[in-house]
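Novice: Take this structure, written in structure tokens, and hold onto it; I'll ask about it next.
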Amino acid sequence: MDPFGLKLIFITFLVFVPLERLFALRHEQKILRRSWVNDLIFLLFNRFLIKLGLLGVIAASTFAAAQIVPASFQAEVGGLPYWVQIPLVILLSDLGFYWTHRLFHAVPWLWRFHAVHHSSEELDWMVAFRIHPVDQIITKGVSLVPVATLGFSEWVIAIYVLFYQWQTVFIHANVRIGFGPLRFLFASPEFHHWHHSSEREARDRNFAAQLSFLDALFGTMHMPKGQMPAAYGLDQPMPQHYVRQLLYPFMGDRIFRSKPDAPPRAETIRVPDWAPK
Ligand SMILES: [Zn+2]
Ligand SMILES: [Zn+2]
């Protein structure tokens with residue numbers, strides 16, 4: 001029995017904490033950085049809400065697919081060689097991820113949900129888990145529709161899920177591991193750190209989760225050569241604690257009036273210690 005998935009969390013911890021020490025992008029950043037307890041709460045509890053939502057999306061789309069997608073077509077897709085199925089499933093799911101993610105940046109009421117993910121002022125592997133469940137269920141749900149409905153083999157789906165999960169954690173990690181020329185093909189820590197940058201020219205850039213070339217294709221790539229962001233985070237206030245962060249999209253700034261000791265606005269645009277002066 002491991003209802004919290006503690007084994008996987010522990011393995012992730014064992015991989016990424018030493019990796020971030022060995023290849024640190026920001027040496028000054030502590031393992032137990034600001035808000036790490038809050039991110040641990042996301043890591044432990046959010047998965048239940050997300051799993052529940054995603055199971056609903058997958059069940060609904062599988063049911064719909066059974067009515068719409070001919071079984072012969074599904075059999076043909078499932079019969080393709082793995083080396084064709086794997087890139088195809090990643091491409092289709094990341095196309096769904098890209099456009100849903102972009103929508104979450106463009107539509108103000110959707111941005112309120114997604115702003116929770118962008119609220120961290122320091123990046124490390126744990127930030128990958130700081131996501132509002134509504135954001136994750138919709139974004140991931142859309143990207144999983146083709147995966148669940150077109151007839152891909154179970155092995156291919158398992159490989160895709162494994163690849164996606166590790167890449168998602170890796171691109172948030174506090175590491176300076178470059179991908180060389182492959183950075184224009186696959187999402188790397190450099191690519192996704194720019195997505196979290198608070199600098200104006202990096203806003204609304206680098207939306208892909210796995211395939212960075214999608215951003216080049218759709219004109220949203222931002223990866224200046226040899227540079228990394230100076231600061232991360234938002235220029236809007238965001239509550240500091242899990243439950244209030246879950247409530248924030250529904251209440252907006254009214255949430256700050258409900259608690260007089262909410263952090264002052266200035267705190268949310270604090271420039272981290274390691275940022276160049
Ligand atoms: Zn985003
Ligand atoms: Zn992120």
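Here, A, B, ... name the chains of the structure tokens in the order displayed, residue numbers run from 1 inside each chain, and ligands are numbered from 1 in the same displayed order.
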Would you kindly return, as an NGL selection string, each protein, DNA or RNA residue with an atom no farther than 8 Å from any atom of stretch 29-43 of chain A, considering only C-alpha atoms and excluding same-chain residues fewer than 5 positions away?
Specialist: :A and (17 or 122 or 126-127 or 129-131 or 240-242 or 274)
Novice: How would you report the residues lying within 9 Å of ligand 2, as a PyMOL selection string, if you count only C-alpha atoms and all ligand atoms?
Specialist: chain A and resi 117-118+123+127-131+168-169+171-172+192-193+195-196+209
Novice: Got time to write the residues from that selection, N, CA and C atoms, as a PDB file, in the first residue's frame?
Specialist:
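Final file, selection-v2.pdb:
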ATOM      1  N   HIS A 117       1.094  28.127 -11.076  1.00  0.00           N
ATOM      2  CA  HIS A 117       2.326  27.442 -11.502  1.00  0.00           C
ATOM      3  C   HIS A 117       3.482  28.423 -11.701  1.00  0.00           C
ATOM      4  N   HIS A 118       3.139  29.645 -12.129  1.00  0.00           N
ATOM      5  CA  HIS A 118       4.192  30.635 -12.408  1.00  0.00           C
ATOM      6  C   HIS A 118       4.589  31.428 -11.173  1.00  0.00           C
ATOM      7  N   LEU A 123      13.317  28.278  -9.137  1.00  0.00           N
ATOM      8  CA  LEU A 123      12.917  27.057  -9.849  1.00  0.00           C
ATOM      9  C   LEU A 123      13.751  25.870  -9.387  1.00  0.00           C
ATOM     10  N   VAL A 127       8.962  22.487  -8.291  1.00  0.00           N
ATOM     11  CA  VAL A 127       8.026  23.455  -8.886  1.00  0.00           C
ATOM     12  C   VAL A 127       7.149  22.776  -9.947  1.00  0.00           C
ATOM     13  N   ALA A 128       7.645  21.673 -10.517  1.00  0.00           N
ATOM     14  CA  ALA A 128       6.853  20.942 -11.518  1.00  0.00           C
ATOM     15  C   ALA A 128       5.497  20.521 -10.956  1.00  0.00           C
ATOM     16  N   PHE A 129       5.412  20.370  -9.642  1.00  0.00           N
ATOM     17  CA  PHE A 129       4.177  19.873  -9.023  1.00  0.00           C
ATOM     18  C   PHE A 129       3.259  20.995  -8.546  1.00  0.00           C
ATOM     19  N   ARG A 130       3.745  22.246  -8.590  1.00  0.00           N
ATOM     20  CA  ARG A 130       2.902  23.364  -8.135  1.00  0.00           C
ATOM     21  C   ARG A 130       1.981  23.779  -9.287  1.00  0.00           C
ATOM     22  N   ILE A 131       0.902  23.071  -9.433  1.00  0.00           N
ATOM     23  CA  ILE A 131      -0.045  23.347 -10.526  1.00  0.00           C
ATOM     24  C   ILE A 131      -1.457  23.264  -9.971  1.00  0.00           C
ATOM     25  N   THR A 168       9.081  16.544 -17.496  1.00  0.00           N
ATOM     26  CA  THR A 168       8.419  17.665 -16.825  1.00  0.00           C
ATOM     27  C   THR A 168       9.173  18.075 -15.566  1.00  0.00           C
ATOM     28  N   VAL A 169       9.611  17.087 -14.786  1.00  0.00           N
ATOM     29  CA  VAL A 169      10.343  17.408 -13.559  1.00  0.00           C
ATOM     30  C   VAL A 169      11.713  17.984 -13.924  1.00  0.00           C
ATOM     31  N   ILE A 171      12.792  19.647 -16.602  1.00  0.00           N
ATOM     32  CA  ILE A 171      12.872  20.997 -17.190  1.00  0.00           C
ATOM     33  C   ILE A 171      12.678  22.100 -16.147  1.00  0.00           C
ATOM     34  N   HIS A 172      12.161  21.729 -14.956  1.00  0.00           N
ATOM     35  CA  HIS A 172      12.046  22.714 -13.871  1.00  0.00           C
ATOM     36  C   HIS A 172      13.281  22.730 -12.977  1.00  0.00           C
ATOM     37  N   HIS A 192      12.562  25.811 -20.617  1.00  0.00           N
ATOM     38  CA  HIS A 192      11.411  26.024 -19.728  1.00  0.00           C
ATOM     39  C   HIS A 192      11.693  27.066 -18.645  1.00  0.00           C
ATOM     40  N   HIS A 193      12.965  27.230 -18.266  1.00  0.00           N
ATOM     41  CA  HIS A 193      13.269  28.299 -17.306  1.00  0.00           C
ATOM     42  C   HIS A 193      12.895  29.659 -17.902  1.00  0.00           C
ATOM     43  N   HIS A 195      10.462  30.131 -19.840  1.00  0.00           N
ATOM     44  CA  HIS A 195       8.998  30.230 -19.752  1.00  0.00           C
ATOM     45  C   HIS A 195       8.572  30.808 -18.396  1.00  0.00           C
ATOM     46  N   HIS A 196       9.378  30.542 -17.362  1.00  0.00           N
ATOM     47  CA  HIS A 196       9.044  31.041 -16.023  1.00  0.00           C
ATOM     48  C   HIS A 196       9.663  32.402 -15.735  1.00  0.00           C
ATOM     49  N   ALA A 209       5.645  21.392 -23.864  1.00  0.00           N
ATOM     50  CA  ALA A 209       6.098  20.633 -22.688  1.00  0.00           C
ATOM     51  C   ALA A 209       7.248  19.707 -23.059  1.00  0.00           C
TER      52      ALA A 209
END
Novice: Stretch 89-106 of chain A: which residues within 8 Å, counting only C-alpha atoms, same-chain residues fewer than 2 positions away excluded, as a list of chain:residue names?
Specialist: A:Gln85, A:Ile86, A:Pro87, A:Pro108, A:Leu110, A:Trp111, A:Phe113, A:His114, A:Asp135, A:Ile138, A:Thr139, A:Lys140, A:Val142, A:Ser143, A:Leu144, A:Val145, A:Pro146, A:Val147, A:Phe152, A:Ile157, A:Tyr160, A:Asp204, A:Phe207, A:Ala208, A:Ala209, A:Gln210, A:Leu211, A:Leu214
Novice: Output C-alpha atoms for every residue in that selection, as a compact mmCIF listing (two decimals), in the first residue's frame.
Specialist:
# COMPACT_ATOMS: atom_id res chain seq x y z
CA GLN A 85 3.90 5.30 -32.66
CA ILE A 86 6.16 6.84 -29.98
CA PRO A 87 7.09 10.07 -31.86
CA PRO A 108 -7.54 36.23 -18.20
CA LEU A 110 -7.79 30.85 -17.30
CA TRP A 111 -4.55 32.69 -16.44
CA PHE A 113 -5.46 29.11 -12.60
CA HIS A 114 -2.15 28.94 -14.45
CA ASP A 135 -5.16 23.82 -14.94
CA ILE A 138 -7.73 20.66 -18.63
CA THR A 139 -4.25 21.04 -20.16
CA LYS A 140 -3.21 17.44 -19.67
CA VAL A 142 -6.72 17.85 -23.85
CA SER A 143 -3.27 16.51 -24.62
CA LEU A 144 -4.29 12.99 -23.56
CA VAL A 145 -7.36 12.80 -25.81
CA PRO A 146 -5.44 11.61 -28.91
CA VAL A 147 -3.31 9.32 -26.72
CA PHE A 152 -1.96 3.48 -29.62
CA ILE A 157 1.35 4.92 -23.90
CA TYR A 160 5.09 8.18 -23.38
CA ASP A 204 4.19 34.17 -23.16
CA PHE A 207 4.72 26.86 -24.31
CA ALA A 208 5.63 23.30 -25.35
CA ALA A 209 6.10 20.63 -22.69
CA GLN A 210 8.26 18.23 -24.67
CA LEU A 211 8.97 19.47 -28.20
CA LEU A 214 6.59 23.64 -31.77
Novice: Choose the residue, out of A:Gly53, A:Gln165, A:Ser198, A:Phe63, that has the smallest atom-to-atom separation from ligand 1; count only C-alpha atoms and all ligand atoms.
Specialist: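 Answer, going by the shortest atom-to-atom distance: A:Ser198.
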Novice: Write out as an mmCIF file with C-alpha atoms, in the first residue's frame the residues lying within 12 Å of A:His222, counting only C-alpha atoms and excluding same-chain residues fewer than 6 positions away.
Specialist:
data_model
loop_
_atom_site.group_PDB
_atom_site.id
_atom_site.type_symbol
_atom_site.label_atom_id
_atom_site.label_comp_id
_atom_site.auth_asym_id
_atom_site.auth_seq_id
_atom_site.Cartn_x
_atom_site.Cartn_y
_atom_site.Cartn_z
ATOM 1 C CA ARG A 183 17.452 22.243 -27.533
ATOM 2 C CA PHE A 184 15.668 23.359 -30.702
ATOM 3 C CA ALA A 187 12.153 21.062 -24.210
ATOM 4 C CA GLU A 190 17.028 26.235 -20.414
ATOM 5 C CA PHE A 191 13.886 26.345 -22.594
ATOM 6 C CA HIS A 192 11.411 26.024 -19.728
ATOM 7 C CA HIS A 193 13.269 28.299 -17.306
ATOM 8 C CA TRP A 194 12.707 31.068 -19.856
ATOM 9 C CA HIS A 195 8.998 30.230 -19.752
ATOM 10 C CA HIS A 196 9.044 31.041 -16.023
ATOM 11 C CA SER A 197 11.097 34.217 -16.438
ATOM 12 C CA GLU A 199 11.408 39.448 -17.818
ATOM 13 C CA ARG A 200 9.138 41.187 -20.268
ATOM 14 C CA GLU A 201 10.632 39.820 -23.486
ATOM 15 C CA ALA A 202 10.253 36.239 -22.200
ATOM 16 C CA ARG A 203 6.553 36.528 -21.338
ATOM 17 C CA ASP A 204 4.192 34.175 -23.160
ATOM 18 C CA ARG A 205 7.018 32.239 -24.780
ATOM 19 C CA ASN A 206 8.087 28.554 -24.834
ATOM 20 C CA PHE A 207 4.717 26.859 -24.313
ATOM 21 C CA ALA A 208 5.633 23.301 -25.350
ATOM 22 C CA SER A 212 10.519 22.924 -28.271
ATOM 23 C CA PHE A 213 10.358 23.082 -32.084
ATOM 24 C CA LEU A 214 6.593 23.638 -31.766
ATOM 25 C CA ASP A 215 7.372 27.098 -30.360
ATOM 26 C CA ALA A 216 9.730 27.797 -33.262
ATOM 27 C CA MET A 228 19.532 32.430 -18.559
ATOM 28 C CA PRO A 229 16.698 34.376 -16.894
#
Novice: Residues at most 8 Å from A:Leu25, counting only C-alpha atoms, excluding those fewer than 2 positions away in the same chain, as a PyMOL selection string?
Specialist: chain A and resi 20+23+27+174-176
Novice: In Å, rounded to a single decimal, give me how far atom CA of A:Gly78 is from atom CA of A:Ser153.
Specialist: 5.0 Å
Novice: Please, what distance in Å, to one decimal, runs between atom CA of A:Gln167 and atom CA of A:Arg21?
Specialist: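 Taking atom CA of A:Gln167 and atom CA of A:Arg21, their separation equals 18.4 Å.
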Novice: Quick one: distance from atom CA of A:Trp109 to atom CA of A:Arg257 in Å, one decimal?
Specialist: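 Between atom CA of A:Trp109 and atom CA of A:Arg257 the gap is 19.2 Å.
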Novice: Write out as a ChimeraX atom specification all residues of stretch 22-97 of chain A that backbone DSSP assigns to alpha helix (DSSP H).
Specialist: /A:22,36-41,47-68,71-78,82-97
Novice: Would you output that residue set with C-alpha atoms, as a compact mmCIF listing (two decimals), in the first residue's frame?
Specialist:
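Result written to out_23.txt:
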# COMPACT_ATOMS: atom_id res chain seq x y z
CA LEU A 22 26.20 18.45 -9.03
CA TRP A 36 9.24 24.24 -0.27
CA VAL A 37 6.72 23.05 2.35
CA ASN A 38 3.90 24.38 0.21
CA ASP A 39 5.28 22.57 -2.84
CA LEU A 40 5.54 19.38 -0.80
CA ILE A 41 1.83 19.71 -0.02
CA ARG A 47 -2.18 14.13 -7.36
CA PHE A 48 -5.50 12.77 -5.99
CA LEU A 49 -7.52 15.65 -7.43
CA ILE A 50 -5.63 15.51 -10.73
CA LYS A 51 -5.92 11.73 -11.07
CA LEU A 52 -9.63 11.86 -10.42
CA GLY A 53 -10.15 14.59 -13.03
CA LEU A 54 -7.92 12.93 -15.63
CA LEU A 55 -9.60 9.55 -15.17
CA GLY A 56 -12.91 11.29 -15.88
CA VAL A 57 -11.52 12.95 -19.03
CA ILE A 58 -9.96 9.69 -20.25
CA ALA A 59 -13.13 7.68 -19.56
CA ALA A 60 -15.29 10.25 -21.39
CA SER A 61 -12.94 10.49 -24.39
CA THR A 62 -12.53 6.71 -24.61
CA PHE A 63 -16.33 6.35 -24.60
CA ALA A 64 -16.70 9.08 -27.25
CA ALA A 65 -13.89 7.54 -29.33
CA ALA A 66 -15.66 4.16 -29.31
CA GLN A 67 -18.61 5.88 -31.06
CA ILE A 68 -16.56 8.04 -33.45
CA ALA A 71 -12.14 0.09 -34.57
CA SER A 72 -10.29 -0.73 -37.81
CA PHE A 73 -8.51 2.65 -37.62
CA GLN A 74 -7.53 2.05 -33.97
CA ALA A 75 -6.21 -1.40 -34.92
CA GLU A 76 -4.15 0.12 -37.72
CA VAL A 77 -2.61 2.74 -35.37
CA GLY A 78 -1.92 0.08 -32.73
CA TYR A 82 6.80 1.45 -32.02
CA TRP A 83 9.35 3.78 -33.61
CA VAL A 84 6.45 5.39 -35.50
CA GLN A 85 3.90 5.30 -32.66
CA ILE A 86 6.16 6.84 -29.98
CA PRO A 87 7.09 10.07 -31.86
CA LEU A 88 3.52 10.32 -33.14
CA VAL A 89 1.95 10.11 -29.69
CA ILE A 90 4.41 12.69 -28.29
CA LEU A 91 3.77 15.06 -31.20
CA LEU A 92 -0.03 14.83 -30.97
CA SER A 93 -0.13 15.20 -27.19
CA ASP A 94 2.31 18.10 -27.18
CA LEU A 95 0.33 19.91 -29.87
CA GLY A 96 -2.68 19.69 -27.54
CA PHE A 97 -0.54 20.79 -24.60
Novice: Let me make sure I understand: among A:Ile159, A:Leu217, A:Pro237, A:Glu121, which one has the smallest atom-to-atom distance to A:Asp253 if we use only C-alpha atoms?
Specialist: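 When distances to A:Asp253 are compared using only C-alpha atoms, the smallest one comes from A:Pro237.
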